[in-house]
$ cat start00.cif   # mmCIF, C-alpha atoms (C1' of nucleotides)
data_target
loop_
_atom_site.label_atom_id
_atom_site.label_comp_id
_atom_site.auth_asym_id
_atom_site.auth_seq_id
_atom_site.Cartn_x
_atom_site.Cartn_y
_atom_site.Cartn_z
CA MET U 1 8.43 -146.53 -62.36
CA ALA U 2 8.03 -147.82 -65.90
CA VAL U 3 11.64 -148.97 -66.01
CA GLY U 4 11.19 -150.64 -62.63
CA ALA U 5 8.09 -152.45 -63.90
CA VAL U 6 10.16 -154.13 -66.62
CA LEU U 7 13.22 -154.82 -64.49
CA THR U 8 11.24 -156.50 -61.71
CA GLN U 9 9.70 -159.09 -64.04
CA SER U 10 10.09 -162.46 -62.32
CA THR U 11 12.64 -160.85 -60.05
CA ALA U 12 12.71 -159.72 -56.43
CA TRP U 13 12.34 -155.96 -56.19
CA SER U 14 15.54 -155.81 -54.12
CA ASN U 15 17.48 -156.93 -57.20
CA ALA U 16 15.51 -154.77 -59.63
CA SER U 17 16.01 -151.69 -57.45
CA LYS U 18 19.78 -152.11 -57.64
CA ALA U 19 19.54 -151.96 -61.42
CA VAL U 20 17.31 -148.88 -61.23
CA ARG U 21 19.82 -147.19 -58.92
CA SER U 22 22.62 -148.06 -61.32
CA LEU U 23 20.73 -146.39 -64.17
CA ARG U 24 19.94 -143.38 -62.01
CA SER U 25 23.53 -142.91 -60.88
CA ALA U 26 24.61 -142.96 -64.54
CA LYS U 27 21.85 -140.39 -65.28
CA LEU U 28 20.27 -142.84 -67.70
CA LEU U 29 16.71 -142.67 -66.34
CA VAL U 30 15.77 -140.42 -69.23
CA PRO U 31 13.90 -141.74 -72.30
CA GLY U 32 16.28 -140.12 -74.80
CA LYS U 33 19.35 -141.51 -73.05
CA LEU U 34 17.92 -145.03 -72.89
CA ASP U 35 16.94 -144.73 -76.52
CA ARG U 36 20.46 -143.87 -77.63
CA ILE U 37 22.60 -146.05 -75.36
CA PRO U 38 23.81 -149.19 -77.17
CA HIS U 39 22.57 -152.55 -75.92
CA ARG U 40 26.13 -153.63 -75.04
CA GLU U 41 26.37 -150.71 -72.59
CA LEU U 42 22.87 -150.94 -71.19
CA ALA U 43 22.77 -154.68 -70.44
CA PRO U 44 25.72 -154.70 -67.97
CA ARG U 45 24.14 -151.73 -66.15
CA ILE U 46 21.08 -153.80 -65.27
CA ARG U 47 22.90 -157.04 -64.61
CA SER U 48 21.72 -157.27 -61.01
CA CYS U 49 18.08 -157.85 -61.94
CA GLY U 50 18.75 -160.95 -64.02
CA TYR U 51 17.57 -161.63 -67.60
CA PHE U 52 19.54 -158.49 -68.42
CA ASN U 53 19.83 -159.11 -72.17
CA GLN U 54 16.07 -159.59 -72.54
CA LYS U 55 15.26 -156.69 -70.25
CA ALA U 56 17.68 -154.33 -72.04
CA LYS U 57 15.82 -155.06 -75.29
CA ARG U 58 12.47 -154.53 -73.57
CA LEU U 59 13.54 -151.17 -72.11
CA LYS U 60 14.77 -149.97 -75.47
CA GLY U 61 11.55 -151.16 -77.08
CA PHE U 62 9.56 -149.16 -74.56
CA VAL U 63 11.49 -145.89 -74.95
CA ARG U 64 11.39 -146.26 -78.75
CA TYR U 65 7.60 -146.57 -78.50
CA LEU U 66 7.48 -143.57 -76.14
CA ARG U 67 9.49 -141.53 -78.63
CA ASP U 68 7.53 -142.55 -81.71
CA ARG U 69 3.98 -142.45 -80.30
CA HIS U 70 4.14 -139.93 -77.47
CA ALA U 71 6.97 -137.55 -78.35
CA GLY U 72 9.15 -139.18 -75.69
CA SER U 73 6.94 -137.83 -72.91
CA MET U 74 5.28 -139.85 -70.14
CA ARG U 75 2.97 -136.86 -69.59
CA ARG U 76 1.78 -137.01 -73.19
CA MET U 77 1.43 -140.76 -72.95
CA ARG U 78 -0.77 -140.33 -69.89
CA GLY U 79 -3.03 -137.98 -71.83
CA ALA U 80 -3.60 -140.50 -74.62
CA GLY U 81 -6.31 -142.44 -72.79
CA LEU U 82 -6.23 -145.58 -70.71
CA SER U 83 -7.54 -148.23 -73.11
CA ARG U 84 -5.43 -147.02 -76.02
CA ILE U 85 -2.23 -146.99 -73.95
CA ARG U 86 -2.93 -150.45 -72.57
CA ARG U 87 -3.38 -151.88 -76.07
CA GLU U 88 -0.20 -150.19 -77.26
CA LEU U 89 1.83 -151.47 -74.31
CA LEU U 90 0.61 -155.04 -74.83
CA ASP U 91 1.78 -154.82 -78.44
CA LEU U 92 5.36 -154.17 -77.29
CA PRO U 93 7.66 -157.19 -77.09
CA GLY U 94 8.18 -158.35 -73.52
CA ILE U 95 5.34 -156.27 -72.09
CA GLY U 96 2.58 -158.55 -70.85
CA PRO U 97 -0.57 -157.67 -68.90
CA GLU U 98 1.08 -157.36 -65.48
CA THR U 99 3.88 -155.10 -66.70
CA ALA U 100 1.46 -153.01 -68.78
CA ASP U 101 -0.89 -152.57 -65.84
CA SER U 102 1.99 -151.79 -63.47
CA ILE U 103 3.08 -148.99 -65.80
CA LEU U 104 -0.50 -147.72 -66.03
CA LEU U 105 -1.05 -147.77 -62.26
CA TYR U 106 2.31 -146.76 -60.85
CA ALA U 107 3.85 -144.62 -63.60
CA LEU U 108 0.72 -143.05 -65.10
CA GLN U 109 -1.61 -143.07 -62.06
CA GLN U 110 -4.41 -144.78 -64.02
CA PRO U 111 -7.05 -146.72 -62.00
CA VAL U 112 -6.08 -150.22 -63.20
CA PHE U 113 -5.82 -153.26 -60.94
CA VAL U 114 -2.52 -155.14 -61.20
CA VAL U 115 -2.83 -158.92 -60.98
CA ASP U 116 0.36 -160.71 -60.00
CA ALA U 117 1.43 -164.18 -58.86
CA TYR U 118 0.55 -163.35 -55.25
CA THR U 119 -2.94 -162.17 -56.19
CA ARG U 120 -3.61 -165.34 -58.13
CA ARG U 121 -2.13 -167.61 -55.45
CA ILE U 122 -4.02 -166.03 -52.57
CA LEU U 123 -7.41 -165.99 -54.32
CA SER U 124 -6.90 -169.50 -55.65
CA ARG U 125 -5.97 -171.00 -52.28
CA HIS U 126 -9.03 -169.43 -50.70
CA SER U 127 -11.16 -170.93 -53.50
CA LEU U 128 -12.21 -167.48 -54.63
CA ILE U 129 -11.22 -168.15 -58.24
CA PRO U 130 -10.83 -171.30 -60.32
CA ARG U 131 -7.24 -172.44 -60.86
CA ASN U 132 -7.35 -171.56 -64.54
CA ALA U 133 -8.91 -168.09 -64.16
CA SER U 134 -7.55 -165.68 -66.74
CA TYR U 135 -5.68 -162.48 -65.92
CA GLU U 136 -8.61 -160.39 -67.13
CA GLU U 137 -11.15 -162.37 -65.08
CA ILE U 138 -9.18 -161.81 -61.89
CA GLN U 139 -8.68 -158.18 -62.73
CA ALA U 140 -12.40 -157.71 -63.38
CA LEU U 141 -13.15 -159.26 -60.00
CA PHE U 142 -11.54 -156.31 -58.28
CA MET U 143 -12.40 -153.61 -60.78
CA THR U 144 -16.12 -154.31 -60.76
CA ARG U 145 -16.31 -154.44 -56.95
CA LEU U 146 -14.13 -151.58 -55.84
CA PRO U 147 -14.41 -147.85 -56.48
CA ARG U 148 -12.11 -147.08 -59.44
CA ARG U 149 -9.56 -145.11 -57.51
CA THR U 150 -5.86 -145.23 -58.29
CA GLN U 151 -4.81 -144.91 -54.66
CA LEU U 152 -7.14 -147.72 -53.56
CA PHE U 153 -5.89 -150.11 -56.27
CA ASN U 154 -2.37 -149.16 -55.36
CA GLU U 155 -2.93 -150.04 -51.70
CA TYR U 156 -4.78 -153.27 -52.48
CA HIS U 157 -1.96 -154.49 -54.63
CA ALA U 158 0.56 -153.66 -51.93
CA LEU U 159 -1.55 -155.50 -49.35
CA LEU U 160 -1.79 -158.59 -51.54
CA VAL U 161 1.96 -158.60 -52.01
CA ALA U 162 2.38 -158.25 -48.25
CA ALA U 163 -0.06 -161.12 -47.68
CA GLY U 164 1.72 -163.19 -50.31
CA LYS U 165 5.01 -162.71 -48.58
CA GLY U 166 3.40 -163.75 -45.30
CA PHE U 167 3.62 -160.36 -43.64
CA CYS U 168 1.02 -159.45 -41.10
CA LEU U 169 -0.70 -162.83 -41.01
CA LYS U 170 2.23 -164.45 -39.27
CA THR U 171 2.93 -161.65 -36.88
CA ASP U 172 -0.58 -160.70 -35.84
CA PRO U 173 -3.62 -162.60 -37.12
CA ASN U 174 -5.89 -160.01 -35.51
CA CYS U 175 -4.31 -157.02 -37.17
CA PRO U 176 -7.12 -154.83 -38.59
CA LEU U 177 -4.94 -154.15 -41.63
CA CYS U 178 -4.54 -157.87 -42.37
CA PRO U 179 -4.73 -158.14 -46.16
CA LEU U 180 -7.07 -161.12 -46.12
CA ARG U 181 -9.42 -159.32 -43.77
CA ARG U 182 -9.49 -156.42 -46.21
CA ILE U 183 -10.08 -158.74 -49.14
CA GLY U 184 -12.96 -160.27 -47.22
CA HIS U 185 -14.66 -156.93 -47.47
CA LEU U 186 -14.92 -157.46 -51.21
CA ARG U 187 -17.50 -160.23 -50.73
CA LEU U 188 -15.76 -162.36 -53.30
CA GLU U 189 -17.34 -165.59 -52.13
CA ASN U 190 -20.01 -165.72 -54.80
CA SER U 191 -17.89 -164.48 -57.61
CA LEU U 192 -16.85 -166.35 -60.76
"C1'" DG G 1 25.01 -175.98 -53.61
"C1'" DC G 2 19.93 -175.43 -53.98
"C1'" DC G 3 15.75 -172.98 -54.46
"C1'" DC G 4 13.07 -169.20 -55.62
"C1'" DA G 5 11.68 -164.38 -56.91
"C1'" DG G 6 5.73 -159.09 -57.96
"C1'" DG G 7 6.87 -162.36 -66.29
"C1'" DT G 8 6.98 -163.07 -71.13
"C1'" DG G 9 7.10 -165.33 -75.40
"C1'" DG G 10 8.26 -169.14 -78.30
"C1'" DG G 11 7.90 -174.05 -79.06
"C1'" DT G 12 5.52 -178.45 -78.87
"C1'" DA G 13 1.82 -181.83 -78.50
"C1'" DT W 1 -5.61 -174.87 -75.45
"C1'" DA W 2 -2.07 -176.44 -72.13
"C1'" DC W 3 2.25 -177.14 -70.71
"C1'" DC W 4 7.36 -176.66 -70.97
"C1'" DC W 5 11.32 -173.96 -71.23
"C1'" DA W 6 14.82 -170.10 -71.88
"C1'" DC W 7 16.09 -166.02 -70.02
"C1'" DA W 8 20.12 -164.99 -65.28
"C1'" DT W 9 21.19 -162.83 -60.95
"C1'" DG W 10 21.26 -162.46 -55.86
"C1'" DG W 11 19.83 -163.77 -51.33
"C1'" DG W 12 18.18 -167.02 -47.84
#
$ encode --input "start00.cif" --output "structure tokens"
Amino acid sequence: MAVGAVLTQSTAWSNASKAVRSLRSAKLLVPGKLDRIPHRELAPRIRSCGYFNQKAKRLKGFVRYLRDRHAGSMRRMRGAGLSRIRRELLDLPGIGPETADSILLYALQQPVFVVDAYTRRILSRHSLIPRNASYEEIQALFMTRLPRRTQLFNEYHALLVAAGKGFCLKTDPNCPLCPLRRIGHLRLENSL
DNA sequence: GCCCAGGTGGGTA
DNA sequence: TACCCACATGGG
């Protein structure tokens, strides 16, 4: 999940998932292996997700951090505490807030809301946030209004992505699972 | 052939 | 602070 979070940066998941499968088939989805493999061998492996030279460096930066700070163990990393891990991740080159929060939510099951381009676009077009709202402002919007539950944040993010892609709304505007209907439950109208 | 995709960081004004 | 741009491939 952490590798996928880096590889999908500004890239369709369909392309990132090919790169993840390539790493898996080569049995490289192991921190120690990624740490030791030379850049020149790693980069071609993840070619399909684009920006492969940058992303190879970012992956190696992440596993080096995992090795040095958390004994190479995602389990140990998880035990280190949410705010500390988030700060550490943001200090890594090529790991910004969305990638850091994706790792926290999806790889470490921490209750953190992931804000992506779809989230920003949807809220902005419904005048729920100003155009220049910061990542943290948007994140706080959700985190102060929803129960802090990993599974709930996970589902909300998935629904926003679905809404962003135009799923559901186009096919059935009355669908009870319509993402925008769910977001309406947040009572965001008076926020920010 | 053109446009865009679930970012990030460095450069410039 | 606010843009602009490089990074790069694959699919519609």
$ atom_distance --input "start00.cif" --atom1 "atom CA of Gly4 of chain U" --atom2 "atom CA of Ala19 of chain U"
8.5 Å
$ atom_distance --input "start00.cif" --atom1 "atom CA of Met77 of chain U" --atom2 "atom CA of Leu90 of chain U"
14.4 Å
$ interface_residues --input "start00.cif" --of "chain U" --to "chain W" --cutoff "6 Å" --atoms "all atoms listed in the file" --output "list in words"
Ser48, Cys49, Gly50 and Tyr51 of chain U
$ residues_around --input "start00.cif" --residues "segment 58-67 of chain U" --least-positions-apart "4" --cutoff "8 Å" --atoms "only C-alpha atoms (C1' of nucleotides)" --output "list in words"
Val3, Val6, Pro31, Gly32, Leu34, Asp35, Gln54, Ala71, Gly72, Ser73, Met74, Met77, Leu92, Pro93, Gly94 and Ile95 of chain U
$ closest_atom_pairs --input "start00.cif" --of "segment 11-90 of chain U" --to "segment 102-125 of chain U" --cutoff "9 Å" --atoms "only C-alpha atoms" --output "tab-separated table"
residue	atom	partner	partner_atom	distance
U:Met74	CA	U:Leu108	CA	7.5
U:Arg75	CA	U:Leu108	CA	8.0
U:Met77	CA	U:Leu108	CA	8.2
U:Arg78	CA	U:Leu108	CA	5.7
U:Leu82	CA	U:Gln110	CA	7.0
U:Ile85	CA	U:Leu104	CA	8.1
U:Arg86	CA	U:Leu104	CA	7.5
U:Leu89	CA	U:Ile103	CA	9.0
$ interface_residues --input "start00.cif" --of "chain G" --to "chain U" --cutoff "7 Å" --atoms "all atoms listed in the file" --output "PyMOL selection string"
chain G and resi 5-8
$ atom_distance --input "start00.cif" --atom1 "atom CA of Lys18 of chain U" --atom2 "atom CA of Ala2 of chain U"
15.0 Å
